[in-house]
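J.: My structure file final.pdb, PDB, C-alpha atoms, is below:
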ATOM      1  CA  MET A 138      25.287  -2.872 -20.316
ATOM      2  CA  GLY A 139      25.319  -2.161 -16.585
ATOM      3  CA  ARG A 140      22.266  -2.628 -14.430
ATOM      4  CA  HIS A 141      21.926   1.108 -13.741
ATOM      5  CA  ASN A 142      21.930   1.926 -17.459
ATOM      6  CA  ALA A 143      19.464  -0.882 -18.143
ATOM      7  CA  VAL A 144      17.067   0.422 -15.485
ATOM      8  CA  ASP A 145      17.398   3.951 -16.900
ATOM      9  CA  LYS A 146      16.480   2.639 -20.348
ATOM     10  CA  VAL A 147      13.477   0.674 -19.095
ATOM     11  CA  LEU A 148      12.172   3.553 -17.002
ATOM     12  CA  GLY A 149      12.770   5.960 -19.887
ATOM     13  CA  TRP A 150      10.711   3.709 -22.138
ATOM     14  CA  ALA A 151       7.986   3.522 -19.470
ATOM     15  CA  LEU A 152       7.890   7.314 -19.202
ATOM     16  CA  GLN A 153       7.690   7.818 -22.975
ATOM     17  CA  SER A 154       4.994   5.147 -23.247
ATOM     18  CA  GLY A 155       2.820   6.645 -20.543
ATOM     19  CA  HIS A 156       3.482   3.905 -17.983
ATOM     20  CA  VAL A 157       4.769   6.253 -15.278
ATOM     21  CA  PRO A 158       3.717   6.120 -12.545
ATOM     22  CA  GLY A 159       4.418   2.427 -12.814
ATOM     23  CA  ARG A 160       1.442   1.129 -10.839
ATOM     24  CA  GLY A 161       0.984  -2.556 -11.552
ATOM     25  CA  LEU A 162       4.522  -2.987 -12.910
ATOM     26  CA  ILE A 163       7.373  -5.065 -11.523
ATOM     27  CA  LEU A 164      10.970  -4.067 -12.221
ATOM     28  CA  THR A 165      13.265  -7.100 -12.376
ATOM     29  CA  VAL A 166      17.057  -6.888 -12.305
ATOM     30  CA  SER A 167      19.634  -9.619 -12.653
ATOM     31  CA  GLY A 168      22.174  -8.234 -10.225
ATOM     32  CA  ARG A 169      22.489  -6.795  -6.760
ATOM     33  CA  THR A 170      19.854  -4.294  -5.705
ATOM     34  CA  SER A 171      21.490  -1.010  -4.791
ATOM     35  CA  PHE A 172      19.990   2.018  -3.090
ATOM     36  CA  GLU A 173      20.044   3.870  -6.411
ATOM     37  CA  LEU A 174      17.994   1.190  -8.175
ATOM     38  CA  VAL A 175      15.405   1.155  -5.396
ATOM     39  CA  GLN A 176      15.291   4.949  -5.493
ATOM     40  CA  LYS A 177      14.764   4.983  -9.282
ATOM     41  CA  ALA A 178      11.928   2.454  -9.016
ATOM     42  CA  PHE A 179      10.348   4.434  -6.175
ATOM     43  CA  MET A 180      10.542   7.724  -8.077
ATOM     44  CA  ALA A 181       8.941   6.093 -11.133
ATOM     45  CA  GLY A 182       6.096   4.746  -9.014
ATOM     46  CA  VAL A 183       7.025   1.103  -9.559
ATOM     47  CA  PRO A 184       5.657  -0.762  -6.517
ATOM     48  CA  MET A 185       7.874  -3.853  -6.714
ATOM     49  CA  LEU A 186      11.537  -4.464  -7.492
ATOM     50  CA  ALA A 187      12.723  -8.058  -7.806
ATOM     51  CA  ALA A 188      16.378  -9.036  -7.964
ATOM     52  CA  VAL A 189      18.504 -12.156  -8.174
ATOM     53  CA  SER A 190      20.893 -11.043  -5.458
ATOM     54  CA  ALA A 191      20.379  -9.640  -1.978
ATOM     55  CA  PRO A 192      19.902  -5.884  -1.566
ATOM     56  CA  SER A 193      22.426  -3.638   0.104
ATOM     57  CA  SER A 194      21.480  -2.587   3.637
ATOM     58  CA  LEU A 195      20.690   0.947   2.464
ATOM     59  CA  ALA A 196      18.493  -0.405  -0.345
ATOM     60  CA  ALA A 197      16.576  -2.531   2.144
ATOM     61  CA  GLU A 198      15.941   0.464   4.413
ATOM     62  CA  LEU A 199      14.502   2.800   1.777
ATOM     63  CA  PRO A 200      11.112   1.099   1.251
ATOM     64  CA  THR A 201      10.574   0.849   4.998
ATOM     65  CA  ARG A 202      11.372   4.504   5.549
ATOM     66  CA  SER A 203       9.253   5.679   2.607
ATOM     67  CA  GLY A 204       6.222   3.575   3.499
TER      68      GLY A 204
END
Take the structure in the file and write it out as structure tokens.

T.:
Amino acid sequence: MGRHNAVDKVLGWALQSGHVPGRGLILTVSGRTSFELVQKAFMAGVPMLAAVSAPSSLAAELPTRSG
């Protein structure tokens, strides 16, 4: 399963379980952090995204621009 599909499944579970917004949660991924993954975490209210690999430049800019 790809990392985007895995994040969709986790965030879907969080939504159905009443954990969205995801205050107090940490989303962890095993691959590169893309802009889309950061955006999904942000939209779900997850305050922290941890990844094994470095983020893309666009992914690194999003949290700074969104506060």

J.: To one decimal place, how far is CA of Glu173 in chain A from CA of His141 in chain A in Å?

T.: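 We find that CA of Glu173 in chain A and CA of His141 in chain A lie 8.1 Å from each other.
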
J.: For the provided coordinates, the residues matched by the PyMOL selection byres ((chain A and resi 171) around 10) should be stated as an mmCIF file with C-alpha atoms, in the frame of the given file.

T.:
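Result went into expr.cif, see below:
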data_model
loop_
_atom_site.group_PDB
_atom_site.id
_atom_site.type_symbol
_atom_site.label_atom_id
_atom_site.label_comp_id
_atom_site.auth_asym_id
_atom_site.auth_seq_id
_atom_site.Cartn_x
_atom_site.Cartn_y
_atom_site.Cartn_z
ATOM 1 C CA ARG A 140 22.266 -2.628 -14.430
ATOM 2 C CA HIS A 141 21.926 1.108 -13.741
ATOM 3 C CA GLY A 168 22.174 -8.234 -10.225
ATOM 4 C CA ARG A 169 22.489 -6.795 -6.760
ATOM 5 C CA THR A 170 19.854 -4.294 -5.705
ATOM 6 C CA PHE A 172 19.990 2.018 -3.090
ATOM 7 C CA GLU A 173 20.044 3.870 -6.411
ATOM 8 C CA LEU A 174 17.994 1.190 -8.175
ATOM 9 C CA VAL A 175 15.405 1.155 -5.396
ATOM 10 C CA GLN A 176 15.291 4.949 -5.493
ATOM 11 C CA ALA A 191 20.379 -9.640 -1.978
ATOM 12 C CA PRO A 192 19.902 -5.884 -1.566
ATOM 13 C CA SER A 193 22.426 -3.638 0.104
ATOM 14 C CA SER A 194 21.480 -2.587 3.637
ATOM 15 C CA LEU A 195 20.690 0.947 2.464
ATOM 16 C CA ALA A 196 18.493 -0.405 -0.345
ATOM 17 C CA ALA A 197 16.576 -2.531 2.144
#

J.: Could you state the separation of CA of Gly159 in chain A and CA of Ser190 in chain A in Å, given to one decimal place?

T.: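 According to the coordinates, CA of Gly159 in chain A and CA of Ser190 in chain A are separated by 22.5 Å.
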
J.: Report as a short mmCIF file (atom, residue, chain, number, x, y, z; two decimals) with C-alpha atoms, in the frame of the given file all protein, DNA and RNA residues lying within 12 Å of range 149-156 of chain A, evaluated on only C-alpha atoms, omitting residues in the same chain fewer than 4 positions from it.

T.:
data_model
loop_
_atom_site.label_atom_id
_atom_site.label_comp_id
_atom_site.auth_asym_id
_atom_site.auth_seq_id
_atom_site.Cartn_x
_atom_site.Cartn_y
_atom_site.Cartn_z
CA ASN A 142 21.93 1.93 -17.46
CA ALA A 143 19.46 -0.88 -18.14
CA VAL A 144 17.07 0.42 -15.48
CA ASP A 145 17.40 3.95 -16.90
CA ARG A 160 1.44 1.13 -10.84
CA GLY A 161 0.98 -2.56 -11.55
CA LEU A 162 4.52 -2.99 -12.91
CA ILE A 163 7.37 -5.07 -11.52
CA LEU A 164 10.97 -4.07 -12.22
CA LYS A 177 14.76 4.98 -9.28
CA ALA A 178 11.93 2.45 -9.02
CA MET A 180 10.54 7.72 -8.08
CA ALA A 181 8.94 6.09 -11.13
CA GLY A 182 6.10 4.75 -9.01
CA VAL A 183 7.02 1.10 -9.56
#

J.: Using all atoms listed in the file, can you tell me which of A:Gly204, A:Gly139, A:Glu198, A:Val189 comes closest to Ser167 in chain A?

T.: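 Distance minimum relative to Ser167 in chain A lands on A:Val189.
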